[in-house]
$ cat upload_38.cif   # mmCIF, C-alpha atoms and all ligand atoms
data_target
loop_
_atom_site.group_PDB
_atom_site.id
_atom_site.type_symbol
_atom_site.label_atom_id
_atom_site.label_comp_id
_atom_site.auth_asym_id
_atom_site.auth_seq_id
_atom_site.Cartn_x
_atom_site.Cartn_y
_atom_site.Cartn_z
ATOM 1 C CA MET A 15 122.360 140.860 56.454
ATOM 2 C CA PRO A 16 124.963 141.331 53.716
ATOM 3 C CA CYS A 17 124.500 139.775 50.285
ATOM 4 C CA LYS A 18 126.964 136.867 50.086
ATOM 5 C CA LEU A 19 128.632 136.038 46.749
ATOM 6 C CA LEU A 20 130.678 132.945 45.915
ATOM 7 C CA PHE A 21 132.821 132.888 42.751
ATOM 8 C CA VAL A 22 133.638 129.394 41.485
ATOM 9 C CA CYS A 23 136.149 128.002 38.952
ATOM 10 C CA LEU A 24 137.995 124.684 38.653
ATOM 11 C CA GLY A 25 141.169 125.159 40.709
ATOM 12 C CA ASN A 26 140.368 128.298 42.771
ATOM 13 C CA ILE A 27 143.857 129.629 41.986
ATOM 14 C CA CYS A 28 143.268 131.701 38.808
ATOM 15 C CA ARG A 29 139.797 132.886 37.769
ATOM 16 C CA SER A 30 137.679 132.755 40.924
ATOM 17 C CA PRO A 31 140.235 134.392 43.264
ATOM 18 C CA SER A 32 140.570 137.137 40.617
ATOM 19 C CA ALA A 33 136.794 137.581 40.547
ATOM 20 C CA GLU A 34 136.599 137.653 44.354
ATOM 21 C CA ASN A 35 139.349 140.259 44.725
ATOM 22 C CA ILE A 36 138.159 142.401 41.779
ATOM 23 C CA MET A 37 134.641 142.402 43.210
ATOM 24 C CA ASN A 38 135.954 143.294 46.695
ATOM 25 C CA HIS A 39 137.890 146.168 45.125
ATOM 26 C CA LEU A 40 134.776 147.510 43.357
ATOM 27 C CA VAL A 41 132.622 146.991 46.457
ATOM 28 C CA GLU A 42 135.116 148.951 48.605
ATOM 29 C CA GLN A 43 135.262 151.761 46.021
ATOM 30 C CA ALA A 44 131.455 151.947 46.132
ATOM 31 C CA GLY A 45 131.444 152.049 49.957
ATOM 32 C CA LEU A 46 129.389 148.844 50.085
ATOM 33 C CA SER A 47 131.681 146.570 52.140
ATOM 34 C CA ASP A 48 128.986 146.159 54.807
ATOM 35 C CA SER A 49 126.398 145.113 52.213
ATOM 36 C CA ILE A 50 128.277 142.730 49.890
ATOM 37 C CA VAL A 51 130.639 139.964 51.028
ATOM 38 C CA CYS A 52 132.718 137.836 48.594
ATOM 39 C CA ASP A 53 134.423 134.437 48.708
ATOM 40 C CA SER A 54 135.658 131.935 46.104
ATOM 41 C CA ALA A 55 136.047 128.168 45.698
ATOM 42 C CA GLY A 56 137.025 125.501 43.155
ATOM 43 C CA THR A 57 134.991 122.539 41.966
ATOM 44 C CA SER A 58 138.166 120.399 42.100
ATOM 45 C CA SER A 59 140.393 119.413 45.018
ATOM 46 C CA TYR A 60 143.611 119.871 42.966
ATOM 47 C CA HIS A 61 144.975 122.978 44.668
ATOM 48 C CA ILE A 62 143.384 123.028 48.148
ATOM 49 C CA GLY A 63 145.380 125.349 50.430
ATOM 50 C CA SER A 64 147.359 126.970 47.583
ATOM 51 C CA SER A 65 147.838 130.693 47.062
ATOM 52 C CA PRO A 66 146.659 132.244 43.788
ATOM 53 C CA ASP A 67 148.729 131.315 40.694
ATOM 54 C CA ARG A 68 151.759 133.653 40.310
ATOM 55 C CA ARG A 69 150.950 134.430 36.657
ATOM 56 C CA MET A 70 147.376 135.340 37.602
ATOM 57 C CA ALA A 71 148.572 137.454 40.535
ATOM 58 C CA ALA A 72 150.987 139.336 38.216
ATOM 59 C CA ALA A 73 148.214 140.106 35.693
ATOM 60 C CA ALA A 74 145.924 141.306 38.494
ATOM 61 C CA LYS A 75 148.652 143.412 40.113
ATOM 62 C CA SER A 76 149.315 145.206 36.816
ATOM 63 C CA ARG A 77 145.689 146.401 37.041
ATOM 64 C CA GLY A 78 145.982 147.422 40.695
ATOM 65 C CA ILE A 79 144.334 144.318 42.179
ATOM 66 C CA ILE A 80 146.161 142.276 44.849
ATOM 67 C CA LEU A 81 145.079 138.622 44.947
ATOM 68 C CA LYS A 82 144.564 137.301 48.467
ATOM 69 C CA GLY A 83 143.274 133.974 49.727
ATOM 70 C CA GLN A 84 143.909 130.246 49.708
ATOM 71 C CA ALA A 85 142.182 127.683 47.529
ATOM 72 C CA ARG A 86 139.326 125.621 48.920
ATOM 73 C CA GLN A 87 136.881 123.206 47.330
ATOM 74 C CA PHE A 88 133.225 124.014 46.749
ATOM 75 C CA GLN A 89 131.074 122.136 49.274
ATOM 76 C CA GLN A 90 127.401 121.307 49.710
ATOM 77 C CA SER A 91 126.993 123.788 52.593
ATOM 78 C CA ASP A 92 127.914 126.641 50.212
ATOM 79 C CA PHE A 93 124.414 126.383 48.705
ATOM 80 C CA GLU A 94 122.920 127.490 52.047
ATOM 81 C CA GLU A 95 125.721 129.894 52.925
ATOM 82 C CA PHE A 96 125.703 132.043 49.746
ATOM 83 C CA ASP A 97 122.969 134.081 48.064
ATOM 84 C CA LEU A 98 124.590 133.961 44.636
ATOM 85 C CA ILE A 99 127.048 131.412 43.205
ATOM 86 C CA LEU A 100 128.874 132.661 40.111
ATOM 87 C CA ALA A 101 130.472 130.058 37.843
ATOM 88 C CA MET A 102 133.319 131.010 35.496
ATOM 89 C CA ASP A 103 132.427 128.529 32.735
ATOM 90 C CA GLN A 104 129.790 126.001 31.661
ATOM 91 C CA GLU A 105 131.720 123.065 33.095
ATOM 92 C CA ASN A 106 131.922 124.684 36.547
ATOM 93 C CA TYR A 107 128.219 125.581 36.244
ATOM 94 C CA ARG A 108 127.254 121.978 35.461
ATOM 95 C CA ASN A 109 129.468 120.565 38.216
ATOM 96 C CA ILE A 110 127.926 122.912 40.798
ATOM 97 C CA LEU A 111 124.366 122.052 39.732
ATOM 98 C CA PHE A 112 125.235 118.336 39.801
ATOM 99 C CA LEU A 113 125.776 118.688 43.571
ATOM 100 C CA ASP A 114 122.289 120.205 43.941
ATOM 101 C CA SER A 115 120.538 116.895 43.255
ATOM 102 C CA GLN A 116 117.061 118.173 44.193
ATOM 103 C CA GLY A 117 117.398 121.399 42.189
ATOM 104 C CA LYS A 118 116.678 123.367 45.346
ATOM 105 C CA TYR A 119 119.330 126.022 44.779
ATOM 106 C CA GLN A 120 119.518 126.257 40.989
ATOM 107 C CA ASP A 121 118.216 129.832 40.942
ATOM 108 C CA ARG A 122 121.246 130.928 42.960
ATOM 109 C CA VAL A 123 123.748 129.627 40.409
ATOM 110 C CA LYS A 124 124.657 131.899 37.475
ATOM 111 C CA LEU A 125 127.384 132.363 34.876
ATOM 112 C CA ILE A 126 129.505 135.415 35.731
ATOM 113 C CA CYS A 127 129.649 136.453 32.040
ATOM 114 C CA ASP A 128 125.879 137.001 32.077
ATOM 115 C CA PHE A 129 126.707 140.278 33.848
ATOM 116 C CA ALA A 130 129.320 141.498 31.328
ATOM 117 C CA SER A 131 128.207 144.279 28.998
ATOM 118 C CA HIS A 132 131.358 145.094 26.967
ATOM 119 C CA HIS A 133 132.432 141.536 26.123
ATOM 120 C CA GLN A 134 130.650 138.937 23.984
ATOM 121 C CA GLU A 135 132.231 135.902 25.693
ATOM 122 C CA ARG A 136 129.819 133.666 27.603
ATOM 123 C CA GLU A 137 132.578 132.033 29.691
ATOM 124 C CA VAL A 138 135.836 133.104 31.346
ATOM 125 C CA PRO A 139 138.398 130.901 29.488
ATOM 126 C CA ASP A 140 140.664 128.715 31.621
ATOM 127 C CA PRO A 141 144.111 130.439 31.409
ATOM 128 C CA TYR A 142 146.116 127.728 33.197
ATOM 129 C CA TYR A 143 147.888 126.087 30.242
ATOM 130 C CA GLY A 144 148.201 129.218 28.116
ATOM 131 C CA GLY A 145 150.320 132.376 27.936
ATOM 132 C CA THR A 146 150.255 135.832 29.503
ATOM 133 C CA GLU A 147 147.504 137.139 27.208
ATOM 134 C CA GLY A 148 145.086 134.562 28.649
ATOM 135 C CA PHE A 149 145.620 135.879 32.170
ATOM 136 C CA ASN A 150 145.156 139.489 31.014
ATOM 137 C CA LYS A 151 141.954 138.440 29.268
ATOM 138 C CA VAL A 152 140.629 136.965 32.538
ATOM 139 C CA ILE A 153 141.157 140.320 34.283
ATOM 140 C CA ASP A 154 139.522 142.341 31.462
ATOM 141 C CA LEU A 155 136.490 140.057 31.323
ATOM 142 C CA LEU A 156 136.077 139.958 35.085
ATOM 143 C CA LEU A 157 136.361 143.743 35.490
ATOM 144 C CA ASP A 158 133.494 144.087 33.001
ATOM 145 C CA ALA A 159 131.383 141.292 34.538
ATOM 146 C CA CYS A 160 131.955 142.383 38.152
ATOM 147 C CA GLU A 161 131.001 145.981 37.311
ATOM 148 C CA GLY A 162 127.773 144.667 35.787
ATOM 149 C CA LEU A 163 127.154 142.406 38.762
ATOM 150 C CA LEU A 164 127.666 145.294 41.186
ATOM 151 C CA GLU A 165 125.225 147.499 39.263
ATOM 152 C CA ASN A 166 122.711 144.639 39.262
ATOM 153 C CA LEU A 167 123.033 144.121 43.025
ATOM 154 C CA ILE A 168 122.795 147.858 43.740
ATOM 155 C CA SER A 169 119.532 148.096 41.809
ATOM 156 C CA THR A 170 117.908 144.839 42.928
ATOM 157 C CA HIS A 171 118.771 145.324 46.611
ATOM 158 C CA GLU A 172 118.453 149.151 46.557
ATOM 159 C CA LEU A 173 121.928 149.491 48.078
ATOM 160 C CA THR A 174 123.481 152.848 48.934
ATOM 161 C CA GLY A 175 127.181 153.261 49.775
ATOM 162 C CA LYS A 176 128.776 155.242 52.566
HETATM 163 P P1 LIG A 201 141.254 128.093 37.633
HETATM 164 O O1 LIG A 201 142.473 127.589 36.692
HETATM 165 O O2 LIG A 201 140.167 127.038 37.517
HETATM 166 O O3 LIG A 201 140.879 129.388 37.020
HETATM 167 O O4 LIG A 201 141.819 128.217 39.042
HETATM 168 C C1 LIG A 201 142.997 126.303 36.751
HETATM 169 C C2 LIG A 201 143.885 125.958 37.741
HETATM 170 C C3 LIG A 201 144.430 124.686 37.772
HETATM 171 C C4 LIG A 201 144.067 123.769 36.797
HETATM 172 C C5 LIG A 201 143.177 124.113 35.818
HETATM 173 C C6 LIG A 201 142.630 125.389 35.786
HETATM 174 N N1 LIG A 201 144.672 122.487 36.815
HETATM 175 O O5 LIG A 201 144.366 121.699 35.883
HETATM 176 O O6 LIG A 201 145.439 122.150 37.717
#
$ encode --input "upload_38.cif" --output "structure tokens"
Amino acid sequence: MPCKLLFVCLGNICRSPSAENIMNHLVEQAGLSDSIVCDSAGTSSYHIGSSPDRRMAAAAKSRGIILKGQARQFQQSDFEEFDLILAMDQENYRNILFLDSQGKYQDRVKLICDFASHHQEREVPDPYYGGTEGFNKVIDLLLDACEGLLENLISTHELTGK
């Protein structure tokens, strides 16, 4: 059974699709595609069905990452479906936990920045209403955090690539 990861932000058009595709890229490089599976979702319904934001896709592409996918909303069944749910910021984190009224799944929900080792930030800032540098910052932070997350998964699940 692969380890299933769900990255969550507000709209599922900027930060979480970047995290999903960066993580897939790192997982493929490590030869672990059979062991780790990634998806992403938004806590809001604002952009359901939309492709990733063009500005976000341009920032990702400049670092060799192609953003694929269409936005969907986080749903209750995701708690059962995924082993680890990675929120981009505190607001997403709170909104996810709010849907877990019995606190049954709270151990599965984490902040993605908890896995970053080269950045001090505790959240991935929402880039939507800002300029280009905000989108580049998202990619830098997520590369760091996803590398840390991959190392963590490799050691806790004793994964070996092929
Ligand atoms: P994301 O960015 O949560 O990283 O996908 C946003 C996308 C859309 C909006 C806010 C943030 N919005 O307000 O529509």
$ residues_near_ligand --input "upload_38.cif" --ligand "ligand LIG 201 (chain A)" --cutoff "9 Å" --atoms "all atoms listed in the file" --output "JSON, numbers by chain"
{"A": [22, 23, 24, 25, 26, 27, 28, 29, 30, 31, 32, 55, 56, 57, 58, 60, 61, 66, 67, 70, 85, 102, 106, 138, 139, 140, 141, 142, 143, 152]}
$ resolve_selection --input "upload_38.cif" --expression "the PyMOL selection byres (((chain A and resi 107) around 12) and not hetatm)" --output "number ranges by chain"
A: 21-24, 56-57, 88, 99-106, 108-114, 120-127, 136-138
$ atom_distance --input "upload_38.cif" --atom1 "atom CA of Arg77 of chain A" --atom2 "atom CA of Cys52 of chain A"
19.4 Å
$ atom_distance --input "upload_38.cif" --atom1 "atom CA of Phe149 of chain A" --atom2 "atom CA of Glu165 of chain A"
24.5 Å
$ closest_residue --input "upload_38.cif" --among "A:Leu156, A:Gln134, A:Thr170, A:Thr146" --to "His39 of chain A" --atoms "only C-alpha atoms"
A:Leu156
$ resolve_selection --input "upload_38.cif" --expression "the PyMOL selection byres (((chain A and resi 93) around 9) and not hetatm)" --output "PDB file with C-alpha atoms, in the coordinates of the input"
ATOM      1  CA  GLN A  89     131.074 122.136  49.274  1.00  0.00           C
ATOM      2  CA  GLN A  90     127.401 121.307  49.710  1.00  0.00           C
ATOM      3  CA  SER A  91     126.993 123.788  52.593  1.00  0.00           C
ATOM      4  CA  ASP A  92     127.914 126.641  50.212  1.00  0.00           C
ATOM      5  CA  GLU A  94     122.920 127.490  52.047  1.00  0.00           C
ATOM      6  CA  GLU A  95     125.721 129.894  52.925  1.00  0.00           C
ATOM      7  CA  PHE A  96     125.703 132.043  49.746  1.00  0.00           C
ATOM      8  CA  ASP A  97     122.969 134.081  48.064  1.00  0.00           C
ATOM      9  CA  LEU A  98     124.590 133.961  44.636  1.00  0.00           C
ATOM     10  CA  ILE A  99     127.048 131.412  43.205  1.00  0.00           C
ATOM     11  CA  ASP A 114     122.289 120.205  43.941  1.00  0.00           C
ATOM     12  CA  LYS A 118     116.678 123.367  45.346  1.00  0.00           C
ATOM     13  CA  TYR A 119     119.330 126.022  44.779  1.00  0.00           C
ATOM     14  CA  ARG A 122     121.246 130.928  42.960  1.00  0.00           C
ATOM     15  CA  VAL A 123     123.748 129.627  40.409  1.00  0.00           C
TER      16      VAL A 123
END
$ atom_distance --input "upload_38.cif" --atom1 "atom CA of Glu161 of chain A" --atom2 "atom CA of Arg69 of chain A"
23.1 Å
$ closest_residue --input "upload_38.cif" --among "A:Gly78, A:Ser169, A:Leu157, A:Asn150" --to "Met37 of chain A" --atoms "all atoms listed in the file"
A:Leu157
$ resolve_selection --input "upload_38.cif" --expression "the PyMOL selection byres (((chain A and resi 48) around 12) and not hetatm)" --output "ChimeraX atom specification"
/A:15-18,38,41-42,44-47,49-52,173-176
$ closest_residue --input "upload_38.cif" --among "A:Ser54, A:Leu81, A:His171, A:His133" --to "Leu155 of chain A" --atoms "all atoms listed in the file"
A:His133
$ decode --input "upload_38.cif" --residues "segment 95-129 of chain A" --atoms "N, CA and C atoms" --output "compact mmCIF listing (two decimals), in the first residue's frame"
# COMPACT_ATOMS: atom_id res chain seq x y z
N GLU A 95 -9.15 8.62 3.27
CA GLU A 95 -8.42 8.30 2.03
C GLU A 95 -6.91 8.51 2.15
N PHE A 96 -6.50 9.57 2.93
CA PHE A 96 -5.09 9.97 2.93
C PHE A 96 -4.42 9.70 4.29
N ASP A 97 -3.14 9.33 4.21
CA ASP A 97 -2.37 9.04 5.42
C ASP A 97 -1.88 10.32 6.08
N LEU A 98 -1.60 11.32 5.24
CA LEU A 98 -1.04 12.58 5.74
C LEU A 98 -1.68 13.73 4.96
N ILE A 99 -2.18 14.73 5.71
CA ILE A 99 -2.82 15.90 5.10
C ILE A 99 -1.97 17.11 5.48
N LEU A 100 -1.43 17.79 4.46
CA LEU A 100 -0.43 18.83 4.69
C LEU A 100 -1.00 20.20 4.34
N ALA A 101 -1.25 21.01 5.38
CA ALA A 101 -1.84 22.33 5.19
C ALA A 101 -0.75 23.35 4.90
N MET A 102 -1.07 24.32 4.03
CA MET A 102 -0.10 25.36 3.66
C MET A 102 0.01 26.44 4.72
N ASP A 103 -1.12 26.78 5.39
CA ASP A 103 -1.05 27.81 6.43
C ASP A 103 -1.98 27.47 7.60
N GLN A 104 -1.92 28.29 8.62
CA GLN A 104 -2.69 28.04 9.85
C GLN A 104 -4.19 28.05 9.61
N GLU A 105 -4.63 28.93 8.70
CA GLU A 105 -6.05 29.02 8.41
C GLU A 105 -6.55 27.74 7.75
N ASN A 106 -5.78 27.23 6.77
CA ASN A 106 -6.15 25.96 6.14
C ASN A 106 -6.17 24.86 7.19
N TYR A 107 -5.15 24.85 8.05
CA TYR A 107 -5.01 23.84 9.11
C TYR A 107 -6.24 23.82 10.01
N ARG A 108 -6.64 25.03 10.45
CA ARG A 108 -7.83 25.14 11.32
C ARG A 108 -9.09 24.70 10.59
N ASN A 109 -9.23 25.10 9.33
CA ASN A 109 -10.44 24.75 8.57
C ASN A 109 -10.53 23.25 8.31
N ILE A 110 -9.40 22.59 8.13
CA ILE A 110 -9.40 21.13 7.95
C ILE A 110 -9.83 20.48 9.27
N LEU A 111 -9.19 20.89 10.37
CA LEU A 111 -9.50 20.27 11.67
C LEU A 111 -10.95 20.52 12.10
N PHE A 112 -11.52 21.63 11.67
CA PHE A 112 -12.90 21.97 11.98
C PHE A 112 -13.86 20.91 11.41
N LEU A 113 -13.46 20.32 10.27
CA LEU A 113 -14.29 19.29 9.64
C LEU A 113 -14.15 17.92 10.32
N ASP A 114 -13.14 17.79 11.17
CA ASP A 114 -12.91 16.56 11.93
C ASP A 114 -13.48 16.78 13.34
N SER A 115 -14.82 16.81 13.42
CA SER A 115 -15.47 17.25 14.66
C SER A 115 -15.15 16.36 15.86
N GLN A 116 -14.85 15.08 15.62
CA GLN A 116 -14.55 14.18 16.74
C GLN A 116 -13.05 14.10 17.05
N GLY A 117 -12.24 14.80 16.26
CA GLY A 117 -10.79 14.78 16.49
C GLY A 117 -10.16 13.44 16.17
N LYS A 118 -10.84 12.67 15.34
CA LYS A 118 -10.40 11.31 15.02
C LYS A 118 -9.14 11.28 14.15
N TYR A 119 -8.99 12.31 13.32
CA TYR A 119 -7.92 12.29 12.32
C TYR A 119 -6.87 13.36 12.57
N GLN A 120 -6.91 14.02 13.73
CA GLN A 120 -6.03 15.19 13.90
C GLN A 120 -4.55 14.88 13.78
N ASP A 121 -4.16 13.65 14.10
CA ASP A 121 -2.74 13.28 13.98
C ASP A 121 -2.27 13.21 12.53
N ARG A 122 -3.19 13.12 11.61
CA ARG A 122 -2.83 13.05 10.18
C ARG A 122 -2.61 14.41 9.57
N VAL A 123 -3.04 15.47 10.27
CA VAL A 123 -3.00 16.81 9.69
C VAL A 123 -1.78 17.57 10.21
N LYS A 124 -0.94 18.06 9.29
CA LYS A 124 0.29 18.76 9.67
C LYS A 124 0.45 20.02 8.82
N LEU A 125 1.32 20.92 9.31
CA LEU A 125 1.71 22.09 8.50
C LEU A 125 2.92 21.69 7.66
N ILE A 126 2.85 21.96 6.36
CA ILE A 126 3.94 21.56 5.46
C ILE A 126 5.28 22.18 5.89
N CYS A 127 5.24 23.42 6.41
CA CYS A 127 6.50 24.09 6.79
C CYS A 127 7.22 23.40 7.95
N ASP A 128 6.52 22.54 8.68
CA ASP A 128 7.18 21.79 9.75
C ASP A 128 8.29 20.90 9.20
N PHE A 129 8.28 20.65 7.90
CA PHE A 129 9.28 19.78 7.28
C PHE A 129 10.40 20.55 6.60
